[in-house]
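Source file: start.txt; contents: compact mmCIF, C-alpha atoms and all ligand atoms.
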# COMPACT_ATOMS: atom_id res chain seq x y z
CA MET A 147 -26.96 5.92 -10.57
CA GLN A 148 -28.86 3.35 -12.59
CA LYS A 149 -27.22 -0.01 -12.94
CA HIS A 150 -28.09 -3.49 -14.13
CA THR A 151 -26.56 -6.76 -13.10
CA VAL A 152 -26.04 -9.73 -15.38
CA HIS A 153 -25.09 -12.97 -13.66
CA VAL A 154 -22.52 -15.36 -15.08
CA ARG A 155 -23.64 -18.65 -13.57
CA LEU A 156 -20.69 -20.99 -13.13
CA GLY A 157 -21.14 -22.62 -9.72
CA ALA A 158 -18.27 -21.60 -7.46
CA ARG A 159 -16.94 -19.31 -10.22
CA SER A 160 -20.23 -17.39 -10.59
CA HIS A 161 -19.89 -13.63 -10.62
CA PRO A 162 -21.84 -10.50 -11.53
CA ILE A 163 -21.34 -8.11 -14.43
CA VAL A 164 -22.56 -4.68 -13.32
CA ILE A 165 -23.44 -2.30 -16.17
CA GLY A 166 -24.44 1.35 -16.12
CA LYS A 167 -23.33 4.93 -16.74
CA SER A 168 -21.20 7.06 -14.40
CA LEU A 169 -20.63 4.13 -12.05
CA LEU A 170 -16.97 4.84 -11.42
CA PRO A 171 -15.39 5.07 -8.96
CA LYS A 172 -18.10 4.74 -6.30
CA ALA A 173 -19.98 1.60 -7.40
CA LEU A 174 -16.69 -0.21 -7.86
CA THR A 175 -14.86 0.70 -4.70
CA SER A 176 -17.94 0.30 -2.48
CA SER A 177 -18.83 -3.08 -4.03
CA SER A 178 -19.40 -5.91 -1.57
CA THR A 179 -16.68 -7.83 -3.48
CA PHE A 180 -14.12 -5.77 -1.57
CA SER A 181 -15.96 -5.67 1.77
CA GLY A 182 -13.48 -7.79 3.78
CA LEU A 183 -11.79 -5.81 6.54
CA LYS A 184 -8.32 -6.81 5.38
CA THR A 185 -8.99 -6.63 1.64
CA ARG A 186 -6.09 -5.30 -0.41
CA VAL A 187 -6.33 -4.36 -4.05
CA PHE A 188 -3.67 -3.74 -6.68
CA VAL A 189 -4.66 -1.66 -9.68
CA ILE A 190 -3.25 -2.41 -13.15
CA ALA A 191 -4.40 0.15 -15.69
CA ASP A 192 -3.94 1.29 -19.27
CA SER A 193 -2.00 4.56 -19.15
CA HIS A 194 -4.69 6.14 -21.38
CA LEU A 195 -7.05 5.67 -18.45
CA ARG A 196 -4.80 7.34 -15.88
CA PRO A 197 -7.31 9.99 -14.73
CA ILE A 198 -10.10 7.52 -13.94
CA ALA A 199 -7.62 4.96 -12.56
CA GLN A 200 -6.30 7.58 -10.17
CA ARG A 201 -9.80 8.43 -8.99
CA ILE A 202 -10.39 4.73 -8.36
CA ILE A 203 -7.10 4.38 -6.48
CA ARG A 204 -7.98 7.39 -4.28
CA SER A 205 -11.44 6.02 -3.67
CA PHE A 206 -10.02 2.65 -2.52
CA GLY A 207 -8.00 4.61 0.05
CA THR A 208 -5.87 2.44 2.33
CA LYS A 209 -7.18 -0.75 0.67
CA CYS A 210 -5.02 0.04 -2.36
CA ALA A 211 -1.67 -1.73 -2.06
CA GLY A 212 -0.24 -0.20 -5.23
CA SER A 213 -0.69 0.35 -8.93
CA PHE A 214 1.01 -0.29 -12.24
CA PHE A 215 0.38 1.37 -15.60
CA LEU A 216 0.78 -0.34 -18.98
CA SER A 217 0.38 0.95 -22.54
CA GLY A 218 -2.67 -0.34 -24.38
CA GLY A 219 -2.17 -1.94 -27.79
CA GLU A 220 -1.25 -5.46 -28.88
CA ALA A 221 2.50 -5.10 -28.16
CA THR A 222 1.74 -5.14 -24.42
CA LYS A 223 0.02 -8.54 -24.68
CA ASP A 224 3.39 -10.17 -24.59
CA MET A 225 5.41 -12.47 -22.32
CA SER A 226 7.80 -9.60 -21.57
CA THR A 227 5.03 -7.76 -19.67
CA LEU A 228 4.60 -10.58 -17.16
CA PRO A 229 7.90 -10.32 -15.20
CA LYS A 230 7.15 -6.65 -14.60
CA LEU A 231 3.76 -7.49 -13.14
CA TYR A 232 5.09 -10.38 -11.01
CA ALA A 233 7.82 -8.08 -9.63
CA ALA A 234 5.32 -5.33 -8.80
CA ALA A 235 3.03 -7.86 -7.11
CA CYS A 236 5.90 -9.21 -4.96
CA GLN A 237 6.94 -5.70 -4.03
CA ALA A 238 3.39 -4.87 -2.97
CA ARG A 239 3.33 -8.16 -0.99
CA LEU A 240 0.14 -9.35 -2.63
CA ASP A 241 -1.16 -12.60 -1.21
CA ARG A 242 -3.87 -15.08 -2.20
CA LYS A 243 -6.50 -12.89 -0.54
CA SER A 244 -5.61 -9.82 -2.61
CA PHE A 245 -7.53 -8.57 -5.64
CA ILE A 246 -6.20 -7.31 -8.92
CA VAL A 247 -8.29 -4.57 -10.52
CA ALA A 248 -7.66 -4.37 -14.28
CA ILE A 249 -8.69 -1.11 -15.97
CA GLY A 250 -8.44 -0.96 -19.76
CA GLY A 251 -9.29 -2.66 -23.02
CA GLY A 252 -8.93 -6.29 -24.09
CA VAL A 253 -5.15 -6.11 -24.07
CA ILE A 254 -4.93 -5.05 -20.43
CA GLY A 255 -7.70 -7.51 -19.48
CA ASP A 256 -6.05 -10.47 -21.23
CA VAL A 257 -2.49 -9.94 -20.00
CA THR A 258 -3.53 -8.93 -16.49
CA GLY A 259 -5.96 -11.85 -16.39
CA PHE A 260 -3.16 -14.26 -17.26
CA PHE A 261 -0.92 -12.68 -14.65
CA ALA A 262 -3.70 -13.08 -12.03
CA ALA A 263 -4.29 -16.69 -13.13
CA THR A 264 -0.65 -17.59 -12.55
CA TYR A 265 0.62 -15.39 -9.70
CA LEU A 266 0.57 -17.54 -6.53
CA ARG A 267 -1.30 -20.14 -8.67
CA GLY A 268 -4.19 -17.73 -9.05
CA ILE A 269 -5.44 -14.62 -7.30
CA ARG A 270 -8.75 -12.89 -7.75
CA ILE A 271 -9.29 -10.29 -10.44
CA VAL A 272 -11.92 -7.64 -11.11
CA HIS A 273 -12.26 -6.30 -14.65
CA VAL A 274 -13.11 -2.70 -15.44
CA PRO A 275 -13.26 -2.83 -19.25
CA THR A 276 -12.95 0.51 -21.06
CA THR A 277 -13.23 -0.35 -24.77
CA LEU A 278 -16.43 -1.55 -26.41
CA VAL A 279 -14.64 -4.79 -27.41
CA ALA A 280 -13.72 -5.42 -23.78
CA GLN A 281 -17.16 -4.45 -22.43
CA VAL A 282 -19.12 -6.77 -24.68
CA ASP A 283 -16.58 -9.51 -25.23
CA SER A 284 -13.11 -9.89 -23.73
CA ALA A 285 -13.93 -9.12 -20.07
CA ILE A 286 -16.56 -11.86 -20.08
CA GLY A 287 -15.83 -15.56 -20.20
CA GLY A 288 -12.55 -15.96 -18.37
CA LYS A 289 -10.22 -16.33 -21.36
CA THR A 290 -6.85 -14.76 -20.58
CA GLY A 291 -3.53 -14.89 -22.35
CA VAL A 292 -0.62 -13.41 -24.22
CA ASN A 293 0.67 -13.68 -27.78
CA LEU A 294 3.76 -15.52 -29.04
CA PRO A 295 5.74 -14.51 -32.14
CA LYS A 296 4.08 -17.51 -33.89
CA GLY A 297 0.56 -16.28 -33.25
CA LYS A 298 -2.04 -14.63 -31.08
CA ASN A 299 -3.28 -16.00 -27.74
CA LEU A 300 -1.00 -19.05 -27.88
CA VAL A 301 -0.31 -18.96 -24.13
CA GLY A 302 -3.18 -18.57 -21.74
CA ALA A 303 -5.53 -19.86 -19.08
CA PHE A 304 -9.18 -19.77 -18.15
CA HIS A 305 -9.53 -17.55 -15.09
CA GLN A 306 -12.97 -16.19 -14.21
CA PRO A 307 -13.11 -12.73 -12.62
CA ALA A 308 -14.80 -12.04 -9.27
CA LEU A 309 -16.65 -9.04 -10.73
CA VAL A 310 -16.87 -7.13 -14.01
CA MET A 311 -17.85 -3.48 -13.81
CA VAL A 312 -18.83 -1.79 -17.08
CA ASP A 313 -19.22 1.98 -17.06
CA SER A 314 -20.41 3.07 -20.51
CA THR A 315 -19.23 6.64 -19.80
CA THR A 316 -15.61 5.46 -20.13
CA LEU A 317 -16.22 5.02 -23.87
CA LYS A 318 -16.37 8.81 -24.38
CA THR A 319 -12.60 9.06 -24.91
CA LEU A 320 -12.21 5.95 -27.06
CA PRO A 321 -10.87 6.74 -30.57
CA ASP A 322 -13.57 6.50 -33.22
CA ARG A 323 -11.98 3.62 -35.13
CA GLN A 324 -11.72 1.55 -31.94
CA PHE A 325 -15.33 2.31 -31.04
CA ARG A 326 -16.62 1.25 -34.47
CA SER A 327 -14.51 -1.88 -34.30
CA GLY A 328 -16.34 -2.84 -31.10
CA LEU A 329 -19.66 -2.28 -32.86
CA ALA A 330 -18.83 -5.18 -35.20
CA GLU A 331 -19.00 -7.57 -32.22
CA VAL A 332 -22.26 -5.94 -31.11
CA ILE A 333 -23.80 -6.57 -34.56
CA LYS A 334 -22.55 -10.15 -34.28
CA TYR A 335 -24.55 -10.68 -31.06
CA GLY A 336 -27.69 -9.47 -32.84
CA ILE A 337 -27.13 -11.92 -35.69
CA ILE A 338 -26.31 -14.95 -33.55
CA ASP A 339 -28.98 -14.56 -30.90
CA ASP A 340 -31.05 -11.44 -30.71
CA SER A 341 -33.24 -9.95 -33.45
CA ILE A 342 -34.50 -7.28 -30.99
CA LEU A 343 -30.96 -6.06 -30.39
CA PHE A 344 -30.39 -6.09 -34.17
CA ARG A 345 -33.50 -3.97 -34.78
CA ARG A 346 -32.46 -1.53 -32.06
CA LEU A 347 -29.07 -1.12 -33.73
CA GLU A 348 -30.86 -0.35 -37.00
CA SER A 349 -33.24 2.18 -35.48
CA ARG A 350 -30.85 3.99 -33.11
CA THR A 351 -27.73 4.15 -35.27
CA LYS A 352 -27.32 7.89 -34.71
CA GLN A 353 -27.59 7.78 -30.89
CA ILE A 354 -25.18 4.86 -30.80
CA LEU A 355 -22.59 6.59 -32.98
CA ASN A 356 -22.99 9.67 -30.73
CA ARG A 357 -22.17 7.32 -27.84
CA ASP A 358 -25.23 8.15 -25.81
CA PRO A 359 -24.26 6.43 -22.51
CA LYS A 360 -27.82 5.33 -21.75
CA GLU A 361 -28.25 3.77 -25.18
CA LEU A 362 -24.84 2.14 -24.93
CA SER A 363 -25.65 0.70 -21.49
CA TRP A 364 -28.75 -0.98 -22.91
CA ILE A 365 -26.83 -2.48 -25.83
CA ILE A 366 -23.90 -3.60 -23.69
CA GLN A 367 -26.30 -5.25 -21.27
CA ARG A 368 -27.92 -7.29 -24.07
CA CYS A 369 -24.51 -8.39 -25.37
CA CYS A 370 -23.31 -9.31 -21.86
CA GLU A 371 -26.49 -11.34 -21.28
CA ILE A 372 -25.85 -13.35 -24.44
CA LYS A 373 -22.18 -13.96 -23.75
CA ALA A 374 -22.87 -14.77 -20.07
CA ARG A 375 -25.47 -17.36 -21.07
CA VAL A 376 -23.21 -18.97 -23.66
CA VAL A 377 -20.25 -19.06 -21.26
CA SER A 378 -22.42 -20.45 -18.44
CA GLN A 379 -23.36 -23.38 -20.68
CA ASP A 380 -19.98 -23.95 -22.31
CA GLU A 381 -17.28 -22.44 -20.11
CA PHE A 382 -14.31 -24.31 -21.61
CA GLU A 383 -15.50 -24.40 -25.23
CA THR A 384 -15.99 -28.17 -25.14
CA LYS A 385 -19.70 -28.41 -25.94
CA GLY A 386 -19.83 -26.52 -29.20
CA LEU A 387 -22.17 -23.74 -28.04
CA ARG A 388 -19.39 -21.21 -27.49
CA ALA A 389 -18.65 -21.60 -31.21
CA ILE A 390 -21.66 -19.40 -32.09
CA LEU A 391 -19.54 -16.46 -30.92
CA ASN A 392 -17.35 -17.09 -33.96
CA PHE A 393 -19.86 -15.83 -36.53
CA GLY A 394 -17.80 -13.79 -39.01
CA HIS A 395 -14.57 -14.96 -37.42
CA THR A 396 -13.59 -17.73 -39.87
CA ILE A 397 -13.02 -15.35 -42.77
CA GLY A 398 -12.34 -12.50 -40.32
CA HIS A 399 -9.34 -14.23 -38.73
CA GLY A 400 -8.07 -15.17 -42.21
CA ILE A 401 -8.20 -11.52 -43.32
CA GLU A 402 -6.71 -10.30 -40.03
CA ASN A 403 -3.73 -12.67 -40.41
CA ALA A 404 -3.25 -12.22 -44.13
CA ALA A 405 -3.33 -8.42 -43.73
CA GLN A 406 -0.77 -8.77 -40.91
CA TYR A 407 -3.00 -6.93 -38.50
CA LYS A 408 -3.28 -3.74 -40.58
CA LEU A 409 -7.02 -3.94 -39.93
CA LEU A 410 -8.50 -3.77 -36.45
CA HIS A 411 -10.12 -7.00 -35.27
CA GLY A 412 -13.66 -5.60 -35.60
CA GLU A 413 -12.95 -4.34 -39.14
CA ALA A 414 -11.79 -7.82 -40.18
CA ILE A 415 -14.84 -9.34 -38.46
CA ALA A 416 -17.14 -6.93 -40.30
CA LEU A 417 -15.74 -8.25 -43.59
CA GLY A 418 -15.96 -11.80 -42.25
CA MET A 419 -19.64 -11.25 -41.43
CA VAL A 420 -20.31 -9.97 -44.96
CA GLY A 421 -18.65 -13.17 -46.27
CA ALA A 422 -20.55 -15.42 -43.83
CA THR A 423 -23.79 -13.65 -44.78
CA TYR A 424 -23.17 -14.45 -48.45
CA LEU A 425 -22.58 -18.12 -47.57
CA SER A 426 -25.63 -18.19 -45.31
CA GLN A 427 -27.76 -17.12 -48.25
CA LYS A 428 -26.05 -19.44 -50.71
CA LEU A 429 -25.93 -22.58 -48.55
CA GLY A 430 -28.57 -21.97 -45.89
CA ASP A 431 -31.93 -20.38 -45.28
CA LEU A 432 -31.00 -16.70 -44.95
CA THR A 433 -33.28 -14.57 -47.12
CA SER A 434 -31.89 -11.86 -49.38
CA ILE A 435 -33.82 -9.26 -47.34
CA ALA A 436 -32.15 -10.39 -44.10
CA ALA A 437 -28.75 -10.49 -45.84
CA GLN A 438 -29.29 -6.95 -47.09
CA ARG A 439 -30.19 -5.77 -43.59
CA ILE A 440 -26.96 -7.26 -42.20
CA ASN A 441 -24.78 -5.67 -44.87
CA ASN A 442 -26.58 -2.31 -44.50
CA LEU A 443 -26.11 -2.26 -40.73
CA ILE A 444 -22.40 -3.05 -41.01
CA GLY A 445 -22.04 -0.21 -43.52
CA SER A 446 -24.12 2.27 -41.52
CA PHE A 447 -21.75 1.91 -38.56
CA GLY A 448 -18.88 2.92 -40.83
CA LEU A 449 -17.42 -0.58 -40.86
CA PRO A 450 -15.92 -1.96 -44.08
CA VAL A 451 -18.05 -4.14 -46.36
CA ARG A 452 -15.32 -4.30 -49.03
CA LEU A 453 -11.60 -4.99 -48.67
CA LYS A 454 -9.83 -1.72 -49.32
CA ILE A 455 -6.34 -3.24 -49.35
CA LYS A 456 -5.01 -5.70 -51.94
CA LEU A 457 -5.04 -9.21 -50.52
CA PRO A 458 -4.91 -12.31 -52.72
CA THR A 459 -7.75 -14.76 -51.99
CA SER A 460 -5.21 -17.61 -51.79
CA LYS A 461 -3.41 -15.83 -48.94
CA ILE A 462 -6.64 -15.41 -46.96
CA VAL A 463 -7.64 -19.06 -47.49
CA ALA A 464 -4.14 -20.22 -46.43
CA ALA A 465 -4.44 -18.14 -43.25
CA MET A 466 -7.91 -19.63 -42.62
CA ARG A 467 -6.47 -23.12 -42.92
CA LEU A 468 -3.82 -22.31 -40.32
CA ASP A 469 -6.44 -20.99 -37.92
CA LYS A 470 -6.96 -23.37 -35.01
CA LYS A 471 -10.63 -23.82 -35.89
CA ALA A 472 -9.65 -25.73 -39.05
CA GLY A 473 -8.15 -28.63 -37.04
CA ASP A 474 -9.41 -31.52 -39.23
CA GLY A 475 -8.47 -29.82 -42.50
CA GLN A 476 -12.07 -28.75 -43.14
CA ILE A 477 -12.86 -25.06 -42.94
CA ARG A 478 -16.03 -24.77 -40.87
CA PHE A 479 -18.41 -21.85 -40.61
CA VAL A 480 -21.07 -20.45 -38.38
CA LEU A 481 -23.93 -19.62 -40.75
CA ALA A 482 -27.12 -17.66 -40.09
CA ASP A 483 -30.55 -19.09 -40.90
CA ASP A 484 -32.14 -15.83 -39.86
CA ILE A 485 -31.23 -12.71 -37.89
CA GLY A 486 -30.98 -14.09 -34.34
CA ASN A 487 -30.43 -17.71 -35.29
CA VAL A 488 -27.25 -19.48 -36.39
CA ARG A 489 -25.88 -22.98 -36.96
CA THR A 490 -22.27 -23.94 -36.20
CA GLY A 491 -19.69 -26.34 -37.62
CA ILE A 492 -20.83 -26.14 -41.25
CA PRO A 493 -18.05 -27.33 -43.60
CA VAL A 494 -17.76 -25.10 -46.67
CA SER A 495 -15.80 -25.99 -49.81
CA GLU A 496 -13.02 -23.79 -51.07
CA VAL A 497 -15.00 -22.95 -54.21
CA PHE A 498 -17.75 -21.32 -52.15
CA ILE A 499 -15.22 -19.65 -49.84
CA SER A 500 -13.53 -18.10 -52.87
CA GLU A 501 -16.92 -16.88 -54.11
CA ALA A 502 -17.61 -15.30 -50.71
CA LEU A 503 -14.20 -13.62 -50.73
CA ALA A 504 -14.82 -12.35 -54.27
CA THR A 505 -17.87 -10.45 -52.98
CA LEU A 506 -15.53 -8.51 -50.67
CA CYS A 507 -13.29 -7.22 -53.48
N1 LIG A 601 -10.39 -12.77 -23.75
C1 LIG A 601 -11.28 -12.78 -24.70
O1 LIG A 601 -12.27 -13.52 -24.66
C2 LIG A 601 -11.13 -11.81 -25.85
C3 LIG A 601 -12.23 -11.54 -26.69
C4 LIG A 601 -12.05 -10.57 -27.69
C5 LIG A 601 -10.84 -9.91 -27.84
N2 LIG A 601 -9.79 -10.22 -27.01
C6 LIG A 601 -8.51 -9.54 -27.13
O2 LIG A 601 -8.68 -8.16 -26.87
C7 LIG A 601 -7.64 -7.44 -27.51
C8 LIG A 601 -8.23 -6.24 -28.19
O3 LIG A 601 -8.87 -5.44 -27.21
P1 LIG A 601 -9.18 -3.90 -27.46
O4 LIG A 601 -9.75 -3.73 -28.81
O5 LIG A 601 -9.92 -3.42 -26.29
O6 LIG A 601 -7.70 -3.29 -27.56
P2 LIG A 601 -6.79 -2.43 -26.55
O7 LIG A 601 -6.92 -2.90 -25.17
O8 LIG A 601 -5.43 -2.40 -27.14
O9 LIG A 601 -7.44 -0.98 -26.65
C9 LIG A 601 -7.42 -0.29 -27.89
C10 LIG A 601 -6.77 1.09 -27.74
O10 LIG A 601 -7.64 1.93 -27.01
C11 LIG A 601 -6.97 2.51 -25.87
N3 LIG A 601 -8.02 2.68 -24.87
C12 LIG A 601 -8.63 1.74 -24.10
N4 LIG A 601 -9.67 2.26 -23.44
C13 LIG A 601 -9.71 3.56 -23.76
C14 LIG A 601 -10.59 4.63 -23.42
N5 LIG A 601 -11.66 4.45 -22.66
N6 LIG A 601 -10.33 5.85 -23.93
C15 LIG A 601 -9.26 6.04 -24.76
N7 LIG A 601 -8.43 5.08 -25.16
C16 LIG A 601 -8.66 3.85 -24.66
C17 LIG A 601 -5.86 1.55 -25.56
O11 LIG A 601 -4.78 2.18 -24.91
C18 LIG A 601 -5.47 1.08 -26.96
O12 LIG A 601 -4.61 2.02 -27.56
C19 LIG A 601 -6.98 -8.40 -28.48
O13 LIG A 601 -5.73 -8.77 -27.98
C20 LIG A 601 -7.91 -9.59 -28.51
O14 LIG A 601 -7.23 -10.81 -28.75
C21 LIG A 601 -9.93 -11.14 -26.03
ZN ZN A 602 -14.06 -11.15 -32.12
Give the structure from this file in structure tokens form.
Amino acid sequence: MQKHTVHVRLGARSHPIVIGKSLLPKALTSSSTFSGLKTRVFVIADSHLRPIAQRIIRSFGTKCAGSFFLSGGEATKDMSTLPKLYAAACQARLDRKSFIVAIGGGVIGDVTGFFAATYLRGIRIVHVPTTLVAQVDSAIGGKTGVNLPKGKNLVGAFHQPALVMVDSTTLKTLPDRQFRSGLAEVIKYGIIDDSILFRRLESRTKQILNRDPKELSWIIQRCCEIKARVVSQDEFETKGLRAILNFGHTIGHGIENAAQYKLLHGEAIALGMVGATYLSQKLGDLTSIAAQRINNLIGSFGLPVRLKIKLPTSKIVAAMRLDKKAGDGQIRFVLADDIGNVRTGIPVSEVFISEALATLC
């Protein structure tokens, strides 16, 4: 069982991210995180992951104080899920020494994370992310939350996990569209920080799309290292560095909102990256060769490079203005100077934004 550990360095909130293939259940349940004699764990899992969750529960043996299954999908990331979790936690008599183990994608991680942040003013949580989005992004960084009818992630808290365990083998059952959507975030990491990762994505496209667990472990590790470093330096998003993670997200969020979530997040981000790449060439130092490589890679992973649904530009720009990142009225971008190197906070005029959106139609 080969595994790698990435450390998220946050003083008292430091924790490891363990990455490998076929790690579950053994590496999780025998982890020193749970070594206390009186440790009790409570498993909250996506019902799509029932078989592996049940193996984990069995492997915890008498340490497991109970379990609760939730459906994946955005509808679960809702206030109405919380009372159910609080009730189950009370019934299982969880106390401040107990651990929550969250098994699932970003939805389960976010809602369970918020529950763990608030139950008894905060109990410890371990994330076992099972979508590519969760493995490279949402399980790292401590952002938790639920949606309100007015918008996504409007209620939440920062709550760092005690451990993140990523088993790339869990991705085998993930629907193709969800898997490709996660690849958009992986490409993003290459563009913002890592030209070696980017080149590997270009040269191993076939193995990646075939979900070779060894190849995926390597890629996930690189992404986790980048996010862990960014989060270690800017945990609460106050220093500006965490903003590099938003490459492709300015236009991406606008499209996601304007399309009323008909596109998956990664699909909208793929389009947002094509738009940001255009602007990086127009307003910054990105060469046309580098821009072509970015657009080709997005396309070769089966992600959209053109909007296939009808969406008026004005609607996308209006949604971008509403996005919380446009606080001072200016729409700001993360732009790439090269593959592996970006600048943040660049204000872009509406004329150029419209041009960028026109390239997507
Ligand atoms: N906290 C953060 O920093 C952060 C970062 C990025 C995204 N997010 C959030 O993450 C959410 C999206 O996460 P997601 O894309 O993982 O969605 P998700 O959790 O809804 O999972 C997508 C679908 O895949 C299913 N699924 C999960 N794992 C599976 C597996 N191994 N095999 C088969 N099916 C599986 C789920 O049941 C669901 O139907 C959004 O709410 C987004 O806001 C949070
Ligand atoms: Zn994203």
Shell of 12 Å around region 291-301 of chain A, all atoms listed in the file, local chain residues under 4 positions omitted, as an MDAnalysis selection string: chainID A and resid 220:228 252:264 284 305 399 402:403 406:407 411 465 468:470
Take the residues from that selection and put them in a file with C-alpha atoms, as an mmCIF file, keeping the file's coordinate frame.
data_model
loop_
_atom_site.group_PDB
_atom_site.id
_atom_site.type_symbol
_atom_site.label_atom_id
_atom_site.label_comp_id
_atom_site.auth_asym_id
_atom_site.auth_seq_id
_atom_site.Cartn_x
_atom_site.Cartn_y
_atom_site.Cartn_z
ATOM 1 C CA GLU A 220 -1.250 -5.460 -28.880
ATOM 2 C CA ALA A 221 2.500 -5.100 -28.160
ATOM 3 C CA THR A 222 1.740 -5.140 -24.420
ATOM 4 C CA LYS A 223 0.020 -8.540 -24.680
ATOM 5 C CA ASP A 224 3.390 -10.170 -24.590
ATOM 6 C CA MET A 225 5.410 -12.470 -22.320
ATOM 7 C CA SER A 226 7.800 -9.600 -21.570
ATOM 8 C CA THR A 227 5.030 -7.760 -19.670
ATOM 9 C CA LEU A 228 4.600 -10.580 -17.160
ATOM 10 C CA GLY A 252 -8.930 -6.290 -24.090
ATOM 11 C CA VAL A 253 -5.150 -6.110 -24.070
ATOM 12 C CA ILE A 254 -4.930 -5.050 -20.430
ATOM 13 C CA GLY A 255 -7.700 -7.510 -19.480
ATOM 14 C CA ASP A 256 -6.050 -10.470 -21.230
ATOM 15 C CA VAL A 257 -2.490 -9.940 -20.000
ATOM 16 C CA THR A 258 -3.530 -8.930 -16.490
ATOM 17 C CA GLY A 259 -5.960 -11.850 -16.390
ATOM 18 C CA PHE A 260 -3.160 -14.260 -17.260
ATOM 19 C CA PHE A 261 -0.920 -12.680 -14.650
ATOM 20 C CA ALA A 262 -3.700 -13.080 -12.030
ATOM 21 C CA ALA A 263 -4.290 -16.690 -13.130
ATOM 22 C CA THR A 264 -0.650 -17.590 -12.550
ATOM 23 C CA SER A 284 -13.110 -9.890 -23.730
ATOM 24 C CA HIS A 305 -9.530 -17.550 -15.090
ATOM 25 C CA HIS A 399 -9.340 -14.230 -38.730
ATOM 26 C CA GLU A 402 -6.710 -10.300 -40.030
ATOM 27 C CA ASN A 403 -3.730 -12.670 -40.410
ATOM 28 C CA GLN A 406 -0.770 -8.770 -40.910
ATOM 29 C CA TYR A 407 -3.000 -6.930 -38.500
ATOM 30 C CA HIS A 411 -10.120 -7.000 -35.270
ATOM 31 C CA ALA A 465 -4.440 -18.140 -43.250
ATOM 32 C CA LEU A 468 -3.820 -22.310 -40.320
ATOM 33 C CA ASP A 469 -6.440 -20.990 -37.920
ATOM 34 C CA LYS A 470 -6.960 -23.370 -35.010
#
Residue among A:Leu453, A:Ile202, A:Leu362, A:Ala280 lying closest to ligand ZN 602 (chain A), counting all atoms listed in the file: A:Ala280
All residues 10 Å or closer to Gln324 (chain A), all atoms listed in the file, same chain fewer than 3 positions away omitted, as JSON, numbers by chain: {"A": [277, 278, 279, 317, 320, 321, 327, 328, 329, 410, 411, 412, 413]}
Within 10 Å of Asp339 (chain A) using all atoms listed in the file, minus same-chain residues under 2 positions, as number ranges by chain: A: 334-337, 341-344, 369, 372-373, 390-391, 482, 484-488
Around (-2.6, -13.6, -8.5), as given in the file, which residues come within 9 Å? Count only C-alpha atoms and list them as a short mmCIF file (atom, residue, chain, number, x, y, z; two decimals) with C-alpha atoms, keeping the file's coordinate frame.
data_model
loop_
_atom_site.label_atom_id
_atom_site.label_comp_id
_atom_site.auth_asym_id
_atom_site.auth_seq_id
_atom_site.Cartn_x
_atom_site.Cartn_y
_atom_site.Cartn_z
CA TYR A 232 5.09 -10.38 -11.01
CA ALA A 235 3.03 -7.86 -7.11
CA LEU A 240 0.14 -9.35 -2.63
CA ASP A 241 -1.16 -12.60 -1.21
CA ARG A 242 -3.87 -15.08 -2.20
CA LYS A 243 -6.50 -12.89 -0.54
CA SER A 244 -5.61 -9.82 -2.61
CA PHE A 245 -7.53 -8.57 -5.64
CA ILE A 246 -6.20 -7.31 -8.92
CA GLY A 259 -5.96 -11.85 -16.39
CA PHE A 260 -3.16 -14.26 -17.26
CA PHE A 261 -0.92 -12.68 -14.65
CA ALA A 262 -3.70 -13.08 -12.03
CA ALA A 263 -4.29 -16.69 -13.13
CA THR A 264 -0.65 -17.59 -12.55
CA TYR A 265 0.62 -15.39 -9.70
CA LEU A 266 0.57 -17.54 -6.53
CA ARG A 267 -1.30 -20.14 -8.67
CA GLY A 268 -4.19 -17.73 -9.05
CA ILE A 269 -5.44 -14.62 -7.30
CA ARG A 270 -8.75 -12.89 -7.75
CA ILE A 271 -9.29 -10.29 -10.44
#
Interatomic distance, CA of Ser193 (chain A) to atom C10 of ligand LIG 601 (chain A) (Å, one decimal):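 Computing the Euclidean distance for CA of Ser193 (chain A) and atom C10 of ligand LIG 601 (chain A) yields 10.4 Å.
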Residue nearest Lys360 (chain A) - candidates A:Pro307, A:Gly398, A:Gly386, A:Gly166, atoms counted: only C-alpha atoms: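 For Lys360 (chain A), the nearest of the given residues is A:Gly166.
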Counting all atoms listed in the file, the residue of A:Lys289, A:Lys209, A:Arg467, A:Arg375 that sits nearest Gly182 (chain A):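 With all atoms listed in the file as the atom set, the closest residue is A:Lys209.
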d(CA of Ala330 (chain A), CA of Asn441 (chain A)) in Å: 11.4 Å
Near-Thr179 (chain A) list (10 Å; all atoms listed in the file; drop same-chain fewer than 2 positions) as a list in words: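 Once the adjacent positions are removed, what remains is His161, Pro162, Leu174, Thr175, Ser176, Ser177, Ser181, Gly182, Thr185, Phe245, Val272, Ala308 and Leu309 of chain A.
Each of A:Cys236, A:Ala191, A:Ala436, A:Val480 was checked against ligand LIG 601 (chain A) using only C-alpha atoms and all ligand atoms; the smallest atom-to-atom distance is that of A:Ala191.
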